[in-house]
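**Q** Structure file run29.cif (mmCIF, C-alpha atoms and all ligand atoms) is given on the next line.
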```cif
data_my_file
loop_
_atom_site.label_atom_id
_atom_site.label_comp_id
_atom_site.auth_asym_id
_atom_site.auth_seq_id
_atom_site.Cartn_x
_atom_site.Cartn_y
_atom_site.Cartn_z
CA MET D 1 -18.25 3.62 -15.95
CA SER D 2 -15.77 5.05 -13.51
CA PRO D 3 -16.04 3.55 -10.02
CA LYS D 4 -17.67 5.48 -7.19
CA PHE D 5 -15.92 3.65 -4.38
CA VAL D 6 -12.91 1.66 -3.36
CA ILE D 7 -12.55 -0.59 -0.35
CA GLY D 8 -9.79 0.24 2.13
CA VAL D 9 -8.84 -2.49 4.60
CA ASP D 10 -6.62 -2.28 7.65
CA VAL D 11 -5.46 -5.80 8.52
CA GLY D 12 -4.33 -5.89 12.13
CA GLY D 13 -3.49 -8.67 14.56
CA THR D 14 -6.80 -8.27 16.43
CA PHE D 15 -9.22 -6.83 13.88
CA ILE D 16 -9.64 -6.69 10.14
CA LYS D 17 -11.36 -3.35 9.56
CA GLY D 18 -12.63 -2.25 6.18
CA ALA D 19 -14.61 0.62 4.72
CA LEU D 20 -16.24 1.69 1.51
CA VAL D 21 -14.62 5.02 0.65
CA ASN D 22 -15.41 7.53 -2.09
CA ARG D 23 -12.94 9.75 -3.97
CA GLY D 24 -13.23 12.49 -1.39
CA GLY D 25 -12.31 10.18 1.49
CA VAL D 26 -15.87 9.91 2.84
CA VAL D 27 -16.62 6.58 4.49
CA LYS D 28 -19.96 5.19 3.25
CA ALA D 29 -20.00 1.86 5.08
CA ARG D 30 -17.86 -0.15 7.48
CA ALA D 31 -17.25 -3.80 8.27
CA LYS D 32 -15.08 -5.45 10.89
CA GLU D 33 -14.02 -8.98 11.80
CA LEU D 34 -12.21 -10.18 14.86
CA THR D 35 -9.13 -12.27 14.21
CA GLY D 36 -6.43 -13.90 16.25
CA PRO D 37 -2.73 -14.61 15.80
CA LEU D 38 -3.28 -18.36 16.16
CA GLU D 39 -5.84 -18.79 13.40
CA GLU D 40 -4.74 -20.64 10.29
CA LYS D 41 -3.86 -18.55 7.27
CA THR D 42 -6.83 -19.48 5.08
CA ARG D 43 -9.20 -18.74 7.95
CA VAL D 44 -7.80 -15.22 8.35
CA ALA D 45 -7.97 -14.76 4.58
CA ASN D 46 -11.63 -15.87 4.67
CA ARG D 47 -12.38 -13.26 7.29
CA LEU D 48 -10.83 -10.67 5.00
CA VAL D 49 -13.02 -11.91 2.13
CA SER D 50 -16.06 -11.69 4.41
CA VAL D 51 -15.27 -8.02 5.23
CA ILE D 52 -15.00 -7.23 1.50
CA ARG D 53 -18.23 -9.11 0.68
CA ARG D 54 -20.18 -7.22 3.35
CA LEU D 55 -18.96 -3.90 1.97
CA GLU D 56 -19.92 -4.97 -1.54
CA LYS D 57 -23.49 -5.42 -0.32
CA SER D 58 -23.45 -1.87 1.09
CA ALA D 59 -22.51 -0.48 -2.32
CA LYS D 60 -25.82 -1.91 -3.63
CA THR D 61 -25.27 -1.47 -7.37
CA GLU D 62 -22.73 -3.70 -9.03
CA GLY D 63 -19.67 -2.20 -10.69
CA GLN D 64 -19.43 0.73 -8.28
CA ILE D 65 -16.31 -0.59 -6.52
CA GLY D 66 -13.09 -0.08 -8.45
CA GLY D 67 -10.58 -1.98 -6.33
CA VAL D 68 -9.32 -2.92 -2.90
CA GLY D 69 -6.42 -1.40 -0.95
CA LEU D 70 -4.89 -3.50 1.83
CA GLY D 71 -2.74 -2.16 4.68
CA LEU D 72 -0.66 -5.00 6.11
CA ALA D 73 1.83 -5.15 8.97
CA GLY D 74 5.31 -6.48 8.41
CA LEU D 75 7.66 -6.74 5.49
CA ILE D 76 5.69 -7.00 2.28
CA ASP D 77 6.76 -7.73 -1.27
CA LEU D 78 4.56 -5.01 -2.74
CA ARG D 79 4.97 -6.04 -6.36
CA ARG D 80 3.93 -9.64 -5.84
CA GLY D 81 1.53 -9.02 -2.95
CA VAL D 82 3.37 -11.52 -0.76
CA ILE D 83 3.73 -11.03 3.00
CA LEU D 84 7.34 -11.89 3.81
CA THR D 85 7.14 -11.56 7.59
CA SER D 86 3.99 -10.76 9.50
CA PRO D 87 4.53 -9.97 13.20
CA ASN D 88 0.79 -9.68 13.97
CA ILE D 89 -0.38 -12.71 12.02
CA PRO D 90 2.66 -15.06 12.00
CA VAL D 91 0.83 -17.77 10.02
CA TRP D 92 0.94 -15.34 7.08
CA ASN D 93 4.73 -15.41 6.76
CA HIS D 94 5.50 -15.97 3.05
CA PHE D 95 1.77 -16.07 2.26
CA PRO D 96 0.88 -14.98 -1.32
CA LEU D 97 -2.19 -13.12 -0.06
CA VAL D 98 -3.11 -11.28 -3.26
CA ASP D 99 -3.00 -14.51 -5.30
CA ALA D 100 -5.24 -16.18 -2.72
CA LEU D 101 -7.74 -13.30 -2.84
CA ALA D 102 -7.66 -13.09 -6.62
CA LYS D 103 -8.96 -16.68 -6.74
CA THR D 104 -12.19 -15.67 -5.06
CA MET D 105 -12.83 -12.18 -6.48
CA ASP D 106 -11.62 -10.25 -9.48
CA TYR D 107 -10.85 -6.79 -8.10
CA PRO D 108 -7.50 -5.18 -8.61
CA PHE D 109 -5.75 -5.38 -5.23
CA PHE D 110 -3.23 -2.79 -4.03
CA VAL D 111 -1.01 -3.58 -1.08
CA GLU D 112 0.80 -1.24 1.29
CA ASN D 113 2.60 -1.55 4.61
CA ASP D 114 0.19 -0.54 7.41
CA ALA D 115 2.30 2.33 8.78
CA ASN D 116 2.76 3.70 5.26
CA ALA D 117 -0.99 3.47 4.75
CA ALA D 118 -1.60 5.37 8.00
CA ALA D 119 0.89 8.05 6.85
CA LEU D 120 -1.11 8.42 3.62
CA GLY D 121 -4.34 8.66 5.64
CA GLU D 122 -2.84 11.55 7.63
CA MET D 123 -1.70 13.22 4.41
CA TRP D 124 -5.09 12.84 2.75
CA LEU D 125 -7.39 13.92 5.58
CA GLY D 126 -5.44 14.38 8.79
CA ALA D 127 -2.59 16.19 10.53
CA ALA D 128 -0.45 16.37 7.37
CA LYS D 129 -3.23 17.41 4.99
CA GLY D 130 -1.76 19.11 1.96
CA MET D 131 1.83 18.38 3.04
CA ASP D 132 4.38 17.02 0.63
CA THR D 133 7.25 16.11 2.90
CA PHE D 134 6.70 14.70 6.35
CA PHE D 135 7.16 11.56 8.33
CA PHE D 136 4.79 9.60 10.46
CA LEU D 137 5.65 7.43 13.43
CA THR D 138 3.22 5.15 15.18
CA LEU D 139 3.87 4.33 18.81
CA GLY D 140 2.24 1.10 19.90
CA THR D 141 3.39 -2.39 20.89
CA GLY D 142 6.17 -1.79 18.39
CA MET D 143 6.97 1.22 16.24
CA GLY D 144 6.00 1.77 12.63
CA GLY D 145 6.95 4.55 10.31
CA GLY D 146 6.15 6.04 6.94
CA LEU D 147 8.19 8.59 5.00
CA ILE D 148 6.30 10.80 2.56
CA LEU D 149 8.68 12.59 0.22
CA ASP D 150 7.33 14.89 -2.49
CA GLY D 151 3.80 13.59 -1.93
CA ALA D 152 4.54 9.87 -2.21
CA ILE D 153 5.58 7.09 0.12
CA TRP D 154 9.29 6.47 -0.04
CA HIS D 155 9.42 2.72 -0.67
CA GLY D 156 13.14 2.20 -1.24
CA ALA D 157 14.65 -0.44 -3.51
CA ASP D 158 12.59 -3.35 -2.14
CA GLY D 159 9.50 -1.59 -0.80
CA MET D 160 10.75 -1.87 2.75
CA ALA D 161 11.90 1.67 3.55
CA GLY D 162 10.59 3.65 6.49
CA GLU D 163 11.45 1.22 9.28
CA VAL D 164 12.44 4.10 11.53
CA GLY D 165 11.81 2.02 14.64
CA HIS D 166 14.91 0.03 13.83
CA MET D 167 17.39 2.83 13.43
CA THR D 168 20.13 2.45 16.02
CA ILE D 169 19.98 5.02 18.81
CA GLN D 170 22.46 3.38 21.17
CA LYS D 171 25.14 1.05 19.87
CA ASP D 172 25.08 -1.32 22.86
CA GLY D 173 21.51 -0.60 23.92
CA PRO D 174 18.80 -3.09 24.87
CA LEU D 175 17.91 -6.00 22.62
CA CYS D 176 15.17 -5.21 20.11
CA ASN D 177 12.57 -7.67 18.74
CA CYS D 178 14.40 -7.51 15.40
CA GLY D 179 17.54 -9.02 16.95
CA ASN D 180 19.60 -5.82 16.87
CA HIS D 181 20.60 -3.78 19.92
CA GLY D 182 19.65 -0.22 20.77
CA CYS D 183 16.94 0.36 18.13
CA LEU D 184 14.59 3.30 18.64
CA GLU D 185 11.73 0.82 19.13
CA ALA D 186 13.59 -0.62 22.12
CA TYR D 187 13.08 2.77 23.84
CA ALA D 188 9.79 4.01 22.40
CA SER D 189 7.10 1.32 22.39
CA VAL D 190 4.88 -0.48 24.88
CA THR D 191 7.43 -3.30 24.95
CA ALA D 192 10.16 -0.78 25.83
CA LEU D 193 8.10 0.84 28.60
CA ARG D 194 7.47 -2.54 30.19
CA ARG D 195 11.16 -3.34 30.10
CA MET D 196 12.11 0.02 31.64
CA VAL D 197 9.54 -0.39 34.42
CA SER D 198 10.72 -3.95 35.14
CA GLU D 199 14.32 -2.76 35.36
CA ALA D 200 13.34 -0.02 37.79
CA ILE D 201 11.44 -2.51 39.96
CA ARG D 202 14.41 -4.90 39.98
CA SER D 203 16.69 -2.09 41.05
CA GLY D 204 14.43 -1.51 44.08
CA LYS D 205 12.57 1.64 43.00
CA LYS D 206 9.10 2.11 44.43
CA THR D 207 6.21 2.21 41.98
CA LEU D 208 2.46 1.74 41.76
CA LEU D 209 3.01 -0.69 38.91
CA SER D 210 2.83 -4.41 39.50
CA PRO D 211 6.19 -6.19 39.89
CA ASP D 212 5.10 -9.01 37.53
CA LEU D 213 4.52 -6.55 34.70
CA GLU D 214 6.47 -8.73 32.31
CA ASN D 215 4.11 -11.68 32.82
CA GLN D 216 0.91 -9.75 32.30
CA ALA D 217 -0.83 -8.64 29.18
CA VAL D 218 -0.26 -5.04 30.29
CA ASP D 219 -0.46 -2.38 27.62
CA GLY D 220 0.76 1.19 27.77
CA ARG D 221 -2.39 2.27 29.61
CA ALA D 222 -1.20 0.88 32.94
CA VAL D 223 2.02 2.88 32.71
CA TYR D 224 0.05 5.94 31.58
CA ARG D 225 -2.38 5.70 34.50
CA ALA D 226 0.52 5.39 36.93
CA ALA D 227 2.17 8.46 35.38
CA GLN D 228 -1.10 10.39 35.83
CA LYS D 229 -0.94 9.58 39.52
CA GLY D 230 2.56 10.97 39.66
CA ASP D 231 4.35 7.62 39.81
CA ARG D 232 8.01 8.42 39.37
CA VAL D 233 9.01 5.16 37.64
CA ALA D 234 6.23 5.55 35.05
CA CYS D 235 7.09 9.23 34.48
CA GLU D 236 10.77 8.41 34.08
CA ALA D 237 9.98 5.65 31.57
CA PHE D 238 7.97 8.11 29.45
CA ALA D 239 10.73 10.73 29.78
CA ARG D 240 13.34 8.23 28.54
CA MET D 241 11.05 7.28 25.70
CA GLY D 242 10.63 10.96 24.76
CA SER D 243 14.34 11.58 24.89
CA ALA D 244 15.13 8.58 22.65
CA LEU D 245 12.39 9.61 20.24
CA GLY D 246 13.88 13.10 20.16
CA VAL D 247 17.27 11.66 19.15
CA GLY D 248 15.74 9.55 16.37
CA ILE D 249 13.50 12.35 15.15
CA ALA D 250 16.39 14.84 15.13
CA ASN D 251 18.33 12.42 12.89
CA LEU D 252 15.38 12.17 10.53
CA ILE D 253 14.84 15.94 10.55
CA ASN D 254 18.45 16.57 9.56
CA LEU D 255 18.21 13.90 6.88
CA LEU D 256 14.86 14.84 5.33
CA ASN D 257 14.05 18.46 6.25
CA PRO D 258 10.33 17.65 6.73
CA GLU D 259 7.48 20.14 7.14
CA LYS D 260 5.97 18.06 9.91
CA VAL D 261 6.52 15.05 12.10
CA VAL D 262 3.25 13.30 12.89
CA LEU D 263 3.06 10.89 15.82
CA GLY D 264 0.21 8.38 16.09
CA GLY D 265 -0.60 5.15 17.92
CA GLY D 266 -1.97 4.38 21.36
CA LEU D 267 1.01 5.73 23.32
CA CYS D 268 0.20 9.25 22.12
CA HIS D 269 -2.40 9.37 24.91
CA ALA D 270 0.63 9.90 27.15
CA TRP D 271 1.76 12.84 24.98
CA ARG D 272 2.24 15.27 27.88
CA PHE D 273 4.58 12.82 29.62
CA PHE D 274 7.07 12.53 26.77
CA ILE D 275 6.77 15.54 24.47
CA ALA D 276 8.96 17.96 26.47
CA PRO D 277 12.11 15.77 26.52
CA LEU D 278 11.43 14.88 22.88
CA ARG D 279 11.33 18.55 21.84
CA GLN D 280 14.39 19.29 23.97
CA GLU D 281 16.49 16.67 22.14
CA VAL D 282 15.26 17.87 18.75
CA LYS D 283 16.14 21.46 19.64
CA GLN D 284 19.59 20.42 20.77
CA ARG D 285 20.44 18.08 17.88
CA ALA D 286 18.65 19.17 14.72
CA PHE D 287 20.02 22.05 12.66
CA ALA D 288 18.46 25.26 13.96
CA PRO D 289 16.69 26.54 10.82
CA VAL D 290 15.30 23.10 10.05
CA ALA D 291 14.27 22.47 13.67
CA ARG D 292 12.56 25.88 13.93
CA ARG D 293 10.45 25.17 10.87
CA VAL D 294 9.32 21.64 11.60
CA LYS D 295 6.16 21.02 13.60
CA ILE D 296 5.85 17.93 15.76
CA VAL D 297 2.17 17.08 16.14
CA ARG D 298 -0.26 14.32 17.06
CA ALA D 299 -2.03 12.35 14.36
CA ALA D 300 -5.53 13.64 13.61
CA VAL D 301 -7.32 10.84 11.78
CA GLY D 302 -6.70 8.35 14.58
CA GLU D 303 -7.93 4.79 14.14
CA ASP D 304 -9.20 5.38 10.61
CA ALA D 305 -5.81 6.40 9.22
CA GLY D 306 -4.99 2.86 8.05
CA ILE D 307 -8.37 2.32 6.36
CA LEU D 308 -8.33 5.71 4.62
CA GLY D 309 -4.69 5.39 3.58
CA SER D 310 -5.38 1.93 2.11
CA ALA D 311 -8.32 3.43 0.22
CA LEU D 312 -6.05 6.17 -1.13
CA VAL D 313 -3.56 3.51 -2.25
CA ALA D 314 -6.40 1.88 -4.20
CA TRP D 315 -7.51 5.21 -5.76
CA ARG D 316 -3.96 6.01 -6.80
CA GLY D 317 -3.45 2.49 -8.13
CA LEU D 318 -6.61 2.76 -10.21
CA GLU D 319 -5.47 6.10 -11.60
CA LEU D 320 -2.23 4.51 -12.76
CA MET D 321 -4.26 1.76 -14.42
CA GLY D 322 -6.31 4.41 -16.19
CA SER D 323 -9.71 3.83 -14.54
ZN ZN D 401 15.08 -3.32 15.96
#
```
Could you write out this file's structure as structure tokens?

**A**
Amino acid sequence: MSPKFVIGVDVGGTFIKGALVNRGGVVKARAKELTGPLEEKTRVANRLVSVIRRLEKSAKTEGQIGGVGLGLAGLIDLRRGVILTSPNIPVWNHFPLVDALAKTMDYPFFVENDANAAALGEMWLGAAKGMDTFFFLTLGTGMGGGLILDGAIWHGADGMAGEVGHMTIQKDGPLCNCGNHGCLEAYASVTALRRMVSEAIRSGKKTLLSPDLENQAVDGRAVYRAAQKGDRVACEAFARMGSALGVGIANLINLLNPEKVVLGGGLCHAWRFFIAPLRQEVKQRAFAPVARRVKIVRAAVGEDAGILGSALVAWRGLELMGS
């Protein structure tokens, strides 16, 4: 009997979110567990098992679920299902997750990087529906990326391609979390916005934003709200972010000649504060015929992109296995 559903799971640093998804991308049931970066690795894995078990119950009849797709942050050894480095759940560094799961349930598991999964979600049902060649960037605490070339994720030699956030934009630029200087992520992420605001405050510029921004758990929303009130420091930070993104995106456009560039993640709420400088840089730097063709748009699936993309990874994996 061919399966009716797969389970797609988006494993984040705060939530593990899963859904029962049919072949058409319709979500039939959902389950969610809270998690934390300080939990031990087996505990987080147990929460993941609990999400899958709850979704199994929703499917009612046995044998209807064909497999499980997992979207995971960090560098993943896709073939072995081992998380090499996990920025959101550090206890999972070098954790053979798929082996651990396979001990408790006998589904085929399919693993994908979370940004790649979100890119697939946008291709399946979102802003890049029906597109073959596009790239997806997610703007959050850090920056993720997924390259879709000829309808498939470009994985590279080791499954680690698409780390667009760590392309160098400025040779001697600010220090990035990865240890390099001047990465795109160091200009276009919540972390980058906080740094830019702190620098402005230290240099004596007036702003509505708190001077101890660095010590607070402030997300991009605070900077966004200040920009809405016309705060110059916040607006300048978004403009610098847009400009840096435009440089990075122009490089990618010249390299890949995509049909679309899709931008997702929480910082897209501030779209109107960074899109003009972004487009300006692209216009200036990308080759004219390529730049005229490409559309730069906001993601459409939103928070479900990771779940749906992980489900698509499972459907495609099952197809390759012949189910
Ligand atoms: Zn970096």

**Q** Show which residues sit within 7 Å of D:Arg232, as a compact mmCIF listing (two decimals) with C-alpha atoms, in the frame of the given file. Count all atoms listed in the file, and ignore same-chain residues fewer than 3 positions away.

**A**
```txt
# COMPACT_ATOMS: atom_id res chain seq x y z
CA THR D 207 6.21 2.21 41.98
CA CYS D 235 7.09 9.23 34.48
CA GLU D 236 10.77 8.41 34.08
```

**Q** Excluding D:Thr14 and any residue of its chain fewer than 3 positions from it, enumerate the residues within 7 Å of it, using all atoms listed in the file, and give them as a list of chain:residue names.

**A**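 So, after excluding close chain neighbours, the residues are D:Leu34, D:Thr35, D:Gly36.
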
**Q** So what do you get for atom CA of D:Leu175 versus atom CA of D:Glu199, distance-wise?

**A**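 One can read the atom CA of D:Leu175 to atom CA of D:Glu199 distance as 13.6 Å.
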
**Q** Please return as a list in words the residues found within 8 Å of ligand ZN 401 (chain D), counting only C-alpha atoms and all ligand atoms.

**A**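 Here is the list of contacting residues: Gly165, His166, Met167, Thr168, Leu175, Cys176, Asn177, Cys178, Gly179, Asn180, His181, Gly182, Cys183, Leu184, Glu185 and Ala186 of chain D.
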
**Q** Residues around (-4.2, -3.3, 1.4), cut-off 9 Å, counting all atoms listed in the file - what are they as a PyMOL selection string?

**A** chain D and resi 7-11+68-72+109-114+117+307+309-311+313-314

**Q** Report the distance between atom CA of D:Gly142 and atom CA of D:Gly265 in Å, rounded to one decimal place.

**A**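 About the pair atom CA of D:Gly142 and atom CA of D:Gly265: they are 9.7 Å apart.
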
**Q** Work out where the centre of an axis-aligned box around every listed atom of stretch 23-41 of chain D lies and how long its edges are once 4 Å is added on each side; give both in Å to one decimal as JSON.

**A**
```
{"center_x": -11.4, "center_y": -4.1, "center_z": 6.1, "size_x": 25.3, "size_y": 41.1, "size_z": 28.2}
```

**Q** Rounded to one decimal place, report the atom CA of D:Pro277-atom CA of D:Val301 distance in Å.

**A** 24.9 Å

**Q** When you count all atoms listed in the file, which of these residues is closest to D:Glu122: D:Ala234, D:Ala288, D:Ala226, D:Val261?

**A**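 For D:Glu122, the nearest of the given residues is D:Val261.
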
**Q** Quick one: everything within 9 Å of D:Pro258, counting all atoms listed in the file, minus sequence neighbours fewer than 2 positions away in the same chain. Send it as a list in words.

**A**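 These residues fall inside the cut-off: Asp132, Thr133, Phe134, Phe135, Ile148, Leu149, Leu252, Ile253, Asn254, Leu255, Leu256, Lys260, Val261, Val290, Arg293, Val294 and Lys295 of chain D.
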
**Q** Could stretch 193-206 of chain D be completed with N, CA, C and O atoms and written as an mmCIF file, in the coordinates of the input, please?

**A**
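File produced: result27.cif:
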```
data_model
loop_
_atom_site.group_PDB
_atom_site.id
_atom_site.type_symbol
_atom_site.label_atom_id
_atom_site.label_comp_id
_atom_site.auth_asym_id
_atom_site.auth_seq_id
_atom_site.Cartn_x
_atom_site.Cartn_y
_atom_site.Cartn_z
ATOM 1 N N LEU D 193 8.545 0.306 27.302
ATOM 2 C CA LEU D 193 8.100 0.840 28.600
ATOM 3 C C LEU D 193 8.053 -0.258 29.645
ATOM 4 O O LEU D 193 8.478 -0.070 30.785
ATOM 5 N N ARG D 194 7.546 -1.415 29.244
ATOM 6 C CA ARG D 194 7.470 -2.540 30.190
ATOM 7 C C ARG D 194 8.856 -2.950 30.647
ATOM 8 O O ARG D 194 9.087 -3.238 31.822
ATOM 9 N N ARG D 195 9.800 -2.967 29.719
ATOM 10 C CA ARG D 195 11.160 -3.340 30.100
ATOM 11 C C ARG D 195 11.751 -2.301 31.074
ATOM 12 O O ARG D 195 12.343 -2.657 32.093
ATOM 13 N N MET D 196 11.537 -1.022 30.781
ATOM 14 C CA MET D 196 12.110 0.020 31.640
ATOM 15 C C MET D 196 11.514 -0.039 33.048
ATOM 16 O O MET D 196 12.217 0.119 34.040
ATOM 17 N N VAL D 197 10.195 -0.297 33.113
ATOM 18 C CA VAL D 197 9.540 -0.390 34.420
ATOM 19 C C VAL D 197 10.071 -1.617 35.179
ATOM 20 O O VAL D 197 10.389 -1.540 36.374
ATOM 21 N N SER D 198 10.198 -2.734 34.483
ATOM 22 C CA SER D 198 10.720 -3.950 35.140
ATOM 23 C C SER D 198 12.120 -3.722 35.688
ATOM 24 O O SER D 198 12.439 -4.144 36.801
ATOM 25 N N GLU D 199 12.948 -3.049 34.896
ATOM 26 C CA GLU D 199 14.320 -2.760 35.360
ATOM 27 C C GLU D 199 14.304 -1.909 36.618
ATOM 28 O O GLU D 199 15.057 -2.154 37.568
ATOM 29 N N ALA D 200 13.415 -0.913 36.625
ATOM 30 C CA ALA D 200 13.340 -0.020 37.790
ATOM 31 C C ALA D 200 12.901 -0.794 39.025
ATOM 32 O O ALA D 200 13.444 -0.598 40.125
ATOM 33 N N ILE D 201 11.928 -1.704 38.828
ATOM 34 C CA ILE D 201 11.440 -2.510 39.960
ATOM 35 C C ILE D 201 12.568 -3.404 40.484
ATOM 36 O O ILE D 201 12.799 -3.481 41.695
ATOM 37 N N ARG D 202 13.294 -4.025 39.563
ATOM 38 C CA ARG D 202 14.410 -4.900 39.980
ATOM 39 C C ARG D 202 15.480 -4.138 40.736
ATOM 40 O O ARG D 202 16.146 -4.659 41.607
ATOM 41 N N SER D 203 15.653 -2.866 40.364
ATOM 42 C CA SER D 203 16.690 -2.090 41.050
ATOM 43 C C SER D 203 16.174 -1.502 42.371
ATOM 44 O O SER D 203 16.849 -0.714 43.027
ATOM 45 N N GLY D 204 14.938 -1.881 42.758
ATOM 46 C CA GLY D 204 14.430 -1.510 44.080
ATOM 47 C C GLY D 204 13.647 -0.213 44.131
ATOM 48 O O GLY D 204 13.308 0.261 45.226
ATOM 49 N N LYS D 205 13.340 0.384 42.981
ATOM 50 C CA LYS D 205 12.570 1.640 43.000
ATOM 51 C C LYS D 205 11.107 1.360 43.318
ATOM 52 O O LYS D 205 10.553 0.355 42.891
ATOM 53 N N LYS D 206 10.511 2.273 44.046
ATOM 54 C CA LYS D 206 9.100 2.110 44.430
ATOM 55 C C LYS D 206 8.193 2.608 43.298
ATOM 56 O O LYS D 206 8.443 3.651 42.702
#
```
